[in-house]
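Chemist: So here's input_33.txt, just compact mmCIF, C-alpha atoms:
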```
# COMPACT_ATOMS: atom_id res chain seq x y z
CA MET A 1 86.28 108.79 58.65
CA THR A 2 86.03 109.51 62.39
CA LEU A 3 88.68 106.92 63.12
CA PHE A 4 90.94 108.37 60.40
CA PHE A 5 90.91 111.82 62.00
CA TYR A 6 91.38 110.30 65.46
CA ASN A 7 94.47 108.41 64.30
CA LEU A 8 95.79 111.45 62.47
CA GLY A 9 95.44 113.56 65.60
CA LEU A 10 97.02 110.81 67.71
CA ALA A 11 99.99 110.57 65.33
CA LEU A 12 100.53 114.33 65.41
CA ALA A 13 100.30 114.39 69.19
CA LEU A 14 102.84 111.58 69.50
CA LEU A 15 105.19 113.27 67.04
CA MET A 16 105.05 116.59 68.87
CA SER A 17 105.51 115.01 72.28
CA ALA A 18 108.21 112.53 71.21
CA PRO A 19 111.15 114.53 72.68
CA TRP A 20 109.44 114.66 76.07
CA TRP A 21 108.66 110.93 76.03
CA LEU A 22 112.20 110.06 74.95
CA TRP A 23 113.62 112.18 77.75
CA LYS A 24 111.29 110.58 80.31
CA MET A 25 112.20 107.08 79.12
CA ALA A 26 115.90 107.90 79.31
CA THR A 27 115.70 109.31 82.83
CA THR A 28 112.84 107.47 84.55
CA HIS A 29 112.56 103.68 84.79
CA LYS A 30 108.77 103.58 85.10
CA TYR A 31 108.39 105.06 81.59
CA ARG A 32 110.47 102.22 80.12
CA GLN A 33 108.77 99.45 82.03
CA GLY A 34 106.55 97.35 79.81
CA LEU A 35 107.34 99.48 76.75
CA GLY A 36 107.63 96.50 74.42
CA GLU A 37 104.23 95.19 75.49
CA ARG A 38 102.68 98.64 75.13
CA LEU A 39 103.98 98.83 71.55
CA GLY A 40 102.53 95.49 70.51
CA ARG A 41 104.98 92.80 71.57
CA VAL A 42 102.67 90.08 72.87
CA PRO A 43 104.29 88.18 75.78
CA GLU A 44 104.84 84.51 75.04
CA ARG A 45 103.14 83.58 78.34
CA LEU A 46 99.84 84.82 76.94
CA ARG A 47 100.09 82.57 73.88
CA GLN A 48 100.33 79.41 75.97
CA GLY A 49 97.32 77.21 76.62
CA ALA A 50 94.48 75.97 74.45
CA LYS A 51 91.56 77.64 76.23
CA PRO A 52 89.76 80.53 74.53
CA ILE A 53 90.52 83.89 76.10
CA LEU A 54 88.49 86.54 77.91
CA TRP A 55 90.38 89.86 78.12
CA LEU A 56 89.70 92.20 81.04
CA HIS A 57 91.30 95.64 81.18
CA ALA A 58 91.71 97.58 84.46
CA VAL A 59 93.70 100.80 84.31
CA SER A 60 95.36 101.16 87.70
CA VAL A 61 95.27 100.16 91.36
CA GLY A 62 91.74 101.39 91.99
CA GLU A 63 90.27 99.46 89.08
CA VAL A 64 92.30 96.34 89.89
CA LEU A 65 90.96 96.39 93.44
CA ALA A 66 87.41 96.98 92.19
CA VAL A 67 87.42 93.95 89.86
CA SER A 68 89.28 91.62 92.24
CA ARG A 69 86.22 89.71 93.36
CA LEU A 70 84.72 89.77 89.86
CA ILE A 71 87.84 88.10 88.46
CA GLY A 72 87.60 85.34 91.04
CA GLU A 73 83.94 84.80 90.20
CA LEU A 74 84.63 84.75 86.45
CA ASP A 75 87.39 82.18 86.94
CA GLN A 76 84.87 79.91 88.64
CA GLU A 77 81.95 80.70 86.32
CA PHE A 78 83.88 80.15 83.08
CA PRO A 79 86.38 77.32 83.71
CA GLY A 80 86.51 76.62 79.99
CA TYR A 81 88.05 80.04 79.35
CA ARG A 82 91.31 81.69 80.31
CA LEU A 83 90.89 85.18 81.76
CA VAL A 84 93.82 87.55 81.09
CA ILE A 85 94.16 90.98 82.66
CA SER A 86 95.81 94.11 81.31
CA THR A 87 96.65 97.33 83.14
CA THR A 88 97.99 100.71 82.10
CA THR A 89 100.00 101.86 85.12
CA ARG A 90 103.04 100.29 86.73
CA THR A 91 101.41 100.18 90.18
CA GLY A 92 98.31 98.54 88.72
CA GLN A 93 100.53 95.99 87.00
CA GLU A 94 102.35 95.13 90.22
CA LEU A 95 99.15 94.69 92.19
CA ALA A 96 97.47 92.64 89.45
CA ARG A 97 100.46 90.29 89.27
CA GLN A 98 100.38 89.83 93.03
CA ARG A 99 96.64 89.12 93.08
CA PHE A 100 96.02 87.18 89.87
CA GLY A 101 99.38 85.68 88.89
CA ALA A 102 102.03 87.18 86.62
CA GLU A 103 101.45 84.56 83.92
CA ARG A 104 98.18 86.19 82.83
CA VAL A 105 98.83 89.89 83.49
CA PHE A 106 100.28 92.30 80.93
CA TYR A 107 100.49 95.95 79.93
CA CYS A 108 97.66 97.10 77.70
CA PRO A 109 98.88 98.15 74.25
CA LEU A 110 98.80 101.82 73.41
CA ASP A 111 95.82 102.71 71.24
CA LEU A 112 97.92 102.47 68.08
CA GLY A 113 96.54 100.45 65.18
CA TRP A 114 99.45 98.01 64.86
CA ALA A 115 99.80 97.46 68.61
CA VAL A 116 96.11 96.74 69.09
CA ARG A 117 96.02 94.44 66.04
CA ALA A 118 98.98 92.43 67.37
CA TYR A 119 97.13 91.61 70.58
CA LEU A 120 93.75 90.94 69.03
CA ASP A 121 95.31 88.69 66.39
CA ALA A 122 97.37 86.78 68.96
CA LEU A 123 94.78 86.44 71.72
CA ARG A 124 91.62 86.22 69.61
CA PRO A 125 89.52 87.03 72.69
CA ARG A 126 85.93 85.81 72.89
CA MET A 127 85.02 88.87 74.97
CA MET A 128 86.57 92.20 75.96
CA ILE A 129 85.66 93.46 79.44
CA LEU A 130 86.53 97.06 80.28
CA ALA A 131 86.54 98.37 83.85
CA GLU A 132 84.92 101.79 84.39
CA THR A 133 85.38 104.00 81.29
CA GLU A 134 88.45 102.85 79.41
CA PHE A 135 87.23 103.78 75.94
CA TRP A 136 89.94 103.63 73.26
CA PRO A 137 88.75 103.97 69.64
CA ASN A 138 91.26 101.64 67.96
CA LEU A 139 90.81 98.94 70.60
CA LEU A 140 87.02 99.18 70.38
CA ASN A 141 87.02 99.25 66.59
CA GLY A 142 89.35 96.24 66.43
CA CYS A 143 86.97 94.26 68.63
CA PHE A 144 83.92 95.30 66.63
CA ARG A 145 85.53 94.33 63.32
CA ARG A 146 86.32 90.88 64.68
CA GLY A 147 82.86 90.40 66.18
CA VAL A 148 84.21 90.40 69.73
CA PRO A 149 81.51 91.49 72.22
CA VAL A 150 82.62 94.40 74.42
CA ALA A 151 81.20 94.83 77.92
CA VAL A 152 81.89 97.62 80.39
CA VAL A 153 81.67 96.81 84.10
CA ASN A 154 81.54 99.33 86.95
CA ALA A 155 80.92 101.96 84.28
CA ARG A 156 80.86 105.56 85.38
CA ILE A 157 81.28 109.09 84.08
CA SER A 158 82.61 111.28 86.88
CA ASP A 159 81.56 114.88 87.40
CA ARG A 160 85.01 115.96 86.29
CA SER A 161 84.97 113.85 83.10
CA TRP A 162 81.38 114.54 82.09
CA PRO A 163 81.91 117.95 80.38
CA ARG A 164 84.86 116.59 78.40
CA TYR A 165 82.99 113.49 77.24
CA ARG A 166 79.95 115.58 76.34
CA ARG A 167 82.05 117.89 74.15
CA MET A 168 83.45 114.85 72.33
CA ARG A 169 80.11 113.10 71.91
CA TRP A 170 80.52 113.22 68.11
CA LEU A 171 83.58 110.94 68.50
CA TRP A 172 82.25 108.59 71.15
CA LYS A 173 78.78 107.95 69.76
CA ARG A 174 80.11 105.89 66.85
CA PHE A 175 81.87 103.50 69.24
CA LEU A 176 79.66 103.51 72.30
CA ASN A 177 76.49 102.59 70.44
CA ARG A 178 78.12 99.27 69.49
CA LEU A 179 78.96 98.17 73.04
CA SER A 180 77.25 94.89 73.91
CA ARG A 181 76.61 95.60 77.60
CA VAL A 182 77.27 98.60 79.84
CA LEU A 183 76.85 97.89 83.54
CA ALA A 184 76.72 101.26 85.26
CA GLN A 185 77.43 102.08 88.88
CA SER A 186 74.42 104.38 89.31
CA GLU A 187 71.39 105.85 87.56
CA THR A 188 73.33 109.08 86.99
CA ASP A 189 76.13 107.16 85.27
CA ALA A 190 73.62 105.22 83.18
CA ALA A 191 71.89 108.42 82.02
CA ARG A 192 75.21 110.01 81.07
CA LEU A 193 76.34 106.94 79.14
CA ARG A 194 73.08 106.84 77.19
CA ALA A 195 73.46 110.56 76.44
CA LEU A 196 76.93 109.90 75.03
CA GLY A 197 75.56 107.34 72.60
CA CYS A 198 75.33 103.98 74.34
CA ALA A 199 72.29 102.01 73.16
CA ALA A 200 69.53 102.44 75.72
CA ASP A 201 68.81 98.71 75.93
CA ALA A 202 72.51 97.90 76.45
CA VAL A 203 72.81 100.03 79.61
CA THR A 204 71.69 98.76 83.00
CA VAL A 205 72.53 99.72 86.57
CA ALA A 206 74.44 96.88 88.24
CA GLY A 207 75.83 98.83 91.19
CA ASN A 208 79.38 99.46 92.30
CA LEU A 209 81.74 96.47 92.35
CA LYS A 210 83.70 98.11 95.14
CA PHE A 211 80.88 97.33 97.57
CA ASP A 212 81.58 93.64 96.98
CA VAL A 213 85.33 93.82 97.58
CA ARG A 214 86.17 92.66 101.08
CA ALA A 215 89.64 91.96 102.38
CA ALA A 216 89.89 88.21 101.80
CA GLN A 217 92.82 87.77 104.14
CA GLU A 218 94.86 89.91 106.48
CA SER A 219 97.81 91.59 104.78
CA GLU A 220 101.29 91.24 106.21
CA ALA A 221 101.31 94.90 107.23
CA THR A 222 98.00 94.51 109.09
CA GLY A 223 99.23 91.44 110.95
CA LEU A 224 102.51 93.12 111.93
CA LEU A 225 100.80 96.28 113.13
CA ARG A 226 98.25 94.31 115.11
CA ALA A 227 100.97 92.22 116.79
CA GLN A 228 103.30 95.12 117.54
CA SER A 229 100.88 97.80 118.78
CA ALA A 230 99.41 96.59 122.07
CA GLY A 231 97.44 99.38 123.72
CA LEU A 232 97.80 101.80 120.81
CA ARG A 233 95.10 103.35 118.61
CA PHE A 234 95.69 104.14 114.94
CA VAL A 235 94.79 107.04 112.73
CA VAL A 236 94.99 105.65 109.18
CA ALA A 237 95.41 108.29 106.49
CA GLY A 238 95.09 106.68 103.07
CA SER A 239 95.64 107.74 99.44
CA THR A 240 97.00 111.13 100.45
CA LEU A 241 98.18 113.70 97.93
CA GLU A 242 100.61 116.61 98.09
CA GLY A 243 99.50 119.11 100.70
CA GLU A 244 97.50 116.61 102.72
CA GLU A 245 100.45 115.03 104.50
CA ALA A 246 101.55 118.49 105.62
CA ALA A 247 98.04 119.19 106.93
CA LEU A 248 98.08 115.91 108.85
CA MET A 249 101.49 116.66 110.36
CA GLU A 250 100.22 120.08 111.38
CA ALA A 251 97.26 118.39 113.11
CA TRP A 252 99.31 115.58 114.67
CA PRO A 253 100.46 117.37 117.88
CA ARG A 254 96.86 118.32 118.64
CA LEU A 255 95.70 114.72 118.15
CA LEU A 256 98.46 113.42 120.42
CA ALA A 257 97.54 115.99 123.06
CA ALA A 258 94.01 114.56 123.00
CA ASP A 259 95.18 110.93 123.14
CA ALA A 260 98.81 110.04 123.76
CA ARG A 261 98.17 106.39 122.77
CA LEU A 262 97.95 107.25 119.08
CA ALA A 263 100.11 106.15 116.15
CA MET A 264 99.51 106.99 112.50
CA VAL A 265 99.68 104.95 109.31
CA LEU A 266 100.31 107.34 106.42
CA ALA A 267 99.81 105.97 102.91
CA PRO A 268 100.57 108.33 100.01
CA ARG A 269 98.56 107.62 96.87
CA HIS A 270 101.51 107.46 94.44
CA PRO A 271 104.78 105.53 94.99
CA GLU A 272 106.85 108.32 93.47
CA ARG A 273 105.86 110.45 96.45
CA PHE A 274 107.20 108.08 99.11
CA ALA A 275 110.56 109.88 99.17
CA PRO A 276 109.13 113.44 99.32
CA VAL A 277 106.77 112.40 102.12
CA ALA A 278 109.69 110.82 103.99
CA ALA A 279 111.53 114.15 103.72
CA LEU A 280 108.43 115.95 105.01
CA LEU A 281 108.29 113.65 108.04
CA ASP A 282 111.96 114.42 108.75
CA ARG A 283 111.25 118.15 108.60
CA ALA A 284 108.22 117.74 110.86
CA GLY A 285 110.44 116.21 113.53
CA VAL A 286 108.12 113.28 114.22
CA ALA A 287 109.22 109.74 115.00
CA TRP A 288 108.56 107.68 111.90
CA VAL A 289 109.54 104.49 110.12
CA ARG A 290 109.08 103.08 106.62
CA ARG A 291 106.81 100.04 106.42
CA SER A 292 109.28 98.43 103.97
CA GLN A 293 112.10 98.70 106.52
CA TRP A 294 110.12 98.11 109.68
CA GLY A 295 108.72 94.85 108.30
CA VAL A 296 112.21 93.37 107.92
CA ALA A 297 112.93 93.61 111.65
CA PRO A 298 109.60 94.39 113.34
CA ARG A 299 109.59 95.94 116.78
CA PRO A 300 106.81 97.47 118.87
CA VAL A 301 105.16 100.57 117.42
CA ARG A 302 105.85 103.57 119.63
CA ARG A 303 103.38 106.15 120.83
CA GLY A 304 103.23 109.11 118.49
CA GLU A 305 105.03 107.22 115.72
CA VAL A 306 104.14 107.50 112.04
CA ILE A 307 104.40 104.41 109.84
CA LEU A 308 104.94 105.43 106.22
CA LEU A 309 103.11 102.75 104.23
CA ASP A 310 105.47 102.62 101.24
CA THR A 311 104.08 99.38 99.81
CA ILE A 312 101.38 98.60 97.24
CA GLY A 313 98.10 96.84 97.97
CA GLU A 314 98.23 96.82 101.79
CA LEU A 315 96.24 99.94 102.64
CA ALA A 316 92.77 98.39 102.27
CA GLY A 317 93.48 95.82 104.99
CA VAL A 318 95.24 98.28 107.30
CA TYR A 319 92.04 100.31 107.55
CA ALA A 320 90.73 97.48 109.77
CA LEU A 321 93.00 98.76 112.56
CA ALA A 322 91.85 102.37 112.42
CA ALA A 323 90.19 104.17 115.30
CA VAL A 324 89.43 106.80 112.66
CA ALA A 325 90.29 106.95 108.95
CA PHE A 326 91.09 109.91 106.71
CA VAL A 327 90.55 109.27 102.99
CA GLY A 328 92.80 111.49 100.92
CA GLY A 329 92.61 113.30 97.62
CA SER A 330 89.76 115.23 99.21
CA VAL A 331 91.27 118.14 101.15
CA VAL A 332 93.05 119.20 97.95
CA ALA A 333 90.91 119.57 94.85
CA ALA A 334 91.61 116.14 93.34
CA GLY A 335 88.18 114.50 93.48
CA GLY A 336 88.79 112.21 96.44
CA HIS A 337 89.42 108.49 96.77
CA ASN A 338 87.40 105.48 97.80
CA PRO A 339 85.75 105.67 101.27
CA LEU A 340 84.45 102.11 100.97
CA GLU A 341 87.79 100.63 102.02
CA PRO A 342 87.41 101.79 105.64
CA ALA A 343 83.60 101.53 105.55
CA GLN A 344 83.72 97.74 105.21
CA PHE A 345 85.46 97.52 108.60
CA GLY A 346 82.99 99.75 110.43
CA VAL A 347 85.51 102.58 110.78
CA PRO A 348 84.44 106.25 111.20
CA ILE A 349 85.56 108.16 108.10
CA VAL A 350 86.71 111.73 107.54
CA MET A 351 87.14 113.30 104.10
CA GLY A 352 87.70 116.76 102.72
CA PRO A 353 85.09 118.60 100.63
CA HIS A 354 86.45 117.42 97.25
CA TYR A 355 84.92 114.02 96.52
CA ALA A 356 83.55 114.32 92.97
CA ASN A 357 85.26 111.10 91.85
CA PHE A 358 83.20 109.15 94.41
CA ARG A 359 80.18 111.39 94.69
CA ALA A 360 77.46 108.71 94.78
CA ILE A 361 79.25 106.61 97.40
CA THR A 362 80.23 109.58 99.55
CA GLU A 363 76.77 111.13 99.47
CA ASP A 364 75.21 107.79 100.41
CA LEU A 365 77.51 107.63 103.43
CA LEU A 366 76.72 111.25 104.28
CA THR A 367 73.00 110.58 104.06
CA HIS A 368 73.40 107.81 106.62
CA LYS A 369 75.64 110.01 108.83
CA ALA A 370 78.46 107.55 108.30
CA LEU A 371 81.08 110.06 107.18
CA ARG A 372 82.28 113.53 108.20
CA ILE A 373 83.41 116.25 105.80
CA ALA A 374 86.15 118.56 107.08
CA GLU A 375 87.90 121.50 105.46
CA LYS A 376 91.67 121.61 105.93
CA SER A 377 91.29 124.12 108.77
CA ALA A 378 88.88 121.80 110.60
CA LEU A 379 90.73 118.53 110.02
CA ALA A 380 92.39 118.39 113.44
CA ALA A 381 89.18 119.27 115.29
CA THR A 382 87.10 116.69 113.41
CA LEU A 383 89.59 113.87 113.92
CA THR A 384 90.01 114.80 117.58
CA GLU A 385 86.25 114.81 118.18
CA LEU A 386 85.87 111.29 116.80
CA LEU A 387 88.88 110.03 118.74
CA MET A 388 87.50 111.45 121.99
CA ASN A 389 83.85 110.50 121.47
CA GLY A 390 84.00 106.74 121.36
CA ALA A 391 80.25 106.17 121.30
CA GLU A 392 79.70 108.46 118.30
CA ALA A 393 82.70 107.02 116.46
CA GLU A 394 81.42 103.48 117.00
CA ALA A 395 77.93 104.43 115.80
CA MET A 396 79.37 106.14 112.71
CA GLY A 397 81.42 103.08 111.90
CA ALA A 398 78.41 100.80 112.28
CA ARG A 399 76.41 102.98 109.91
CA ALA A 400 79.27 102.91 107.40
CA ARG A 401 79.37 99.13 107.48
CA HIS A 402 75.60 98.99 107.04
CA VAL A 403 75.85 101.16 103.90
CA PHE A 404 78.60 98.92 102.57
CA ASP A 405 76.68 95.70 103.22
CA ALA A 406 73.38 97.06 101.86
CA GLN A 407 74.90 97.84 98.47
CA ALA A 408 76.42 94.41 97.82
CA GLY A 409 75.49 92.31 94.80
CA ALA A 410 77.06 94.09 91.83
CA THR A 411 79.44 91.20 91.17
CA ALA A 412 76.63 88.65 90.77
CA ARG A 413 74.72 90.99 88.45
CA CYS A 414 77.83 91.51 86.31
CA VAL A 415 78.55 87.78 86.07
CA GLN A 416 74.97 87.12 84.98
CA ALA A 417 75.15 89.82 82.31
CA LEU A 418 78.50 88.59 81.00
CA ARG A 419 77.22 85.02 80.83
CA ALA A 420 74.49 86.18 78.46
CA LEU A 421 77.24 87.31 76.05
CA LEU A 422 78.69 83.78 76.01
CA PRO A 423 75.55 81.70 75.31
CA ASP A 424 77.53 78.61 74.35
CA THR A 425 78.95 78.29 77.88
CA PRO A 426 77.25 75.75 80.18
CA PRO A 427 76.36 76.95 83.69
CA ARG A 428 78.92 76.49 86.45
CA GLY A 429 78.82 72.97 87.88
CA ARG A 430 77.60 71.44 84.60
CA GLN A 431 80.86 71.22 82.68
CA PRO A 432 81.17 68.23 80.34
```
Kindly present the structure from the file in structure tokens form.
Modeler:
Amino acid sequence: MTLFFYNLGLALALLMSAPWWLWKMATTHKYRQGLGERLGRVPERLRQGAKPILWLHAVSVGEVLAVSRLIGELDQEFPGYRLVISTTTRTGQELARQRFGAERVFYCPLDLGWAVRAYLDALRPRMMILAETEFWPNLLNGCFRRGVPVAVVNARISDRSWPRYRRMRWLWKRFLNRLSRVLAQSETDAARLRALGCAADAVTVAGNLKFDVRAAQESEATGLLRAQSAGLRFVVAGSTLEGEEAALMEAWPRLLAADARLAMVLAPRHPERFAPVAALLDRAGVAWVRRSQWGVAPRPVRRGEVILLDTIGELAGVYALAAVAFVGGSVVAAGGHNPLEPAQFGVPIVMGPHYANFRAITEDLLTHKALRIAEKSALAATLTELLMNGAEAEAMGARARHVFDAQAGATARCVQALRALLPDTPPRGRQP
């Protein structure tokens, strides 16, 4: 009965919003991309091969990055299976295809009965692995009816999501109590998931997969910047949102006055904002260049120049070059983004006061004095202080790297837990 009312509500919502969706699809390419797959057309590339399938779903760029190492480990641990990966967003799809190969990456079907059935019938997965909290009733119910074990890795309930999930506990309990394994990021996440209805013995704390993700190789952007920036120091501002780029441009003259050897790498969070940020840089009157254009004919980076990182998947590696890093989504009230990306390189980190989406990680870094919090009005002063005080910046970066290294191991714990759900699989190295 719960599923009936969910589907009824979903149908009504789709019917009422149909004009808006049709208009968006007619005017914006990203809303048309992958539409057939989202509506249940299973790509032929997924039907090829005789190996049984494991299906892992990661919503967007953040989740794809988080499970990157896990996917590599699963490929090695289960050579008798084929791991396929779905995403929801276009940017997540692009990054997943780059990292894991386009032949096994696809758009996740919308949570419509016929679309979900088409994929489950075609793929017949032996296990469904969800990253973080991608709970969709029809997808979960379809797996349960077919006896497919469902595991959640890197599971979390953010501060922002918690009130909404708690209000809908009556809906979620029916599905969450049938999950086979829930591997939570923290004790807080584990307690919240149990409160929502997950079986107590199914929930364990495995840690955060993002602590295990290290840049495996230098990105092209990192290599170019390193080669073309002799004598320069970089401020790397990553995952910025509207309002934060303007704050950084306002602070930029003060930073250059403190150290004329600076250049900035500015990486907006969403690709659709590359053009507006480019217009902002024009209005600010700063020297700037697009990464996508500069990489075609590289030339030395100039003092005071801003490199607009208008590519996907290169930011994490670029943090390695930073004298100081600003992690965006935190000066504006958006919940913040992942400070672990610069932490792994021993870089001093500055964030704004809004970090609810990464509270546990951020507070761990704060406890170890490995991160500074700055309001918008104090952003210039905080960045300047770290740029001028080399000893303190170096010590902060070392503490950040220590926090990162100390939390490693979530990937191995997840692999072990997932293996227990496939008892017929021989251990790695003992394949027949």
Chemist: Need to verify the contact set: Val265 (chain A), 7 Å, only C-alpha atoms, exclusion of same-chain residues closer than 4 positions in sequence. Can you return it as a PDB file with C-alpha atoms, in the frame of the given file?
Modeler:
```pdb
ATOM      1  CA  PHE A 234      95.690 104.140 114.940  1.00  0.00           C
ATOM      2  CA  VAL A 235      94.790 107.040 112.730  1.00  0.00           C
ATOM      3  CA  VAL A 236      94.990 105.650 109.180  1.00  0.00           C
ATOM      4  CA  ALA A 237      95.410 108.290 106.490  1.00  0.00           C
ATOM      5  CA  VAL A 306     104.140 107.500 112.040  1.00  0.00           C
ATOM      6  CA  ILE A 307     104.400 104.410 109.840  1.00  0.00           C
ATOM      7  CA  LEU A 308     104.940 105.430 106.220  1.00  0.00           C
ATOM      8  CA  LEU A 309     103.110 102.750 104.230  1.00  0.00           C
TER       9      LEU A 309
END
```
Chemist: CA of Val347 (chain A) to CA of Thr382 (chain A): how many Å, to one decimal?
Modeler: 14.4 Å
Chemist: Applying 8 Å and all atoms listed in the file, which residues near region 390-397 of chain A remain after dropping the ones on its own chain fewer than 5 positions away? List them as a list in words.
Modeler: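 Using all atoms listed in the file, the neighbours found are Val324, Ala343, Phe345, Gly346, Val347, Pro348, Ile349, Lys369, Ala370 and Leu371 of chain A.
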Chemist: Do you have the CA of Pro43 (chain A)-CA of Pro125 (chain A) distance handy?
Modeler: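 If I compute the distance from CA of Pro43 (chain A) to CA of Pro125 (chain A), I get 15.1 Å.
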Chemist: Taking all atoms listed in the file into account, name the residue in A:Leu280, A:Ala227, A:Leu422, A:Leu340 that is nearest to Pro52 (chain A).
Modeler: A:Leu422
Chemist: Nearest residue to Ala420 (chain A) out of A:Asn138, A:Gln344, A:Thr133, A:Ser180, using only C-alpha atoms?
Modeler: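 Under the stated criterion, the closest residue is A:Ser180.
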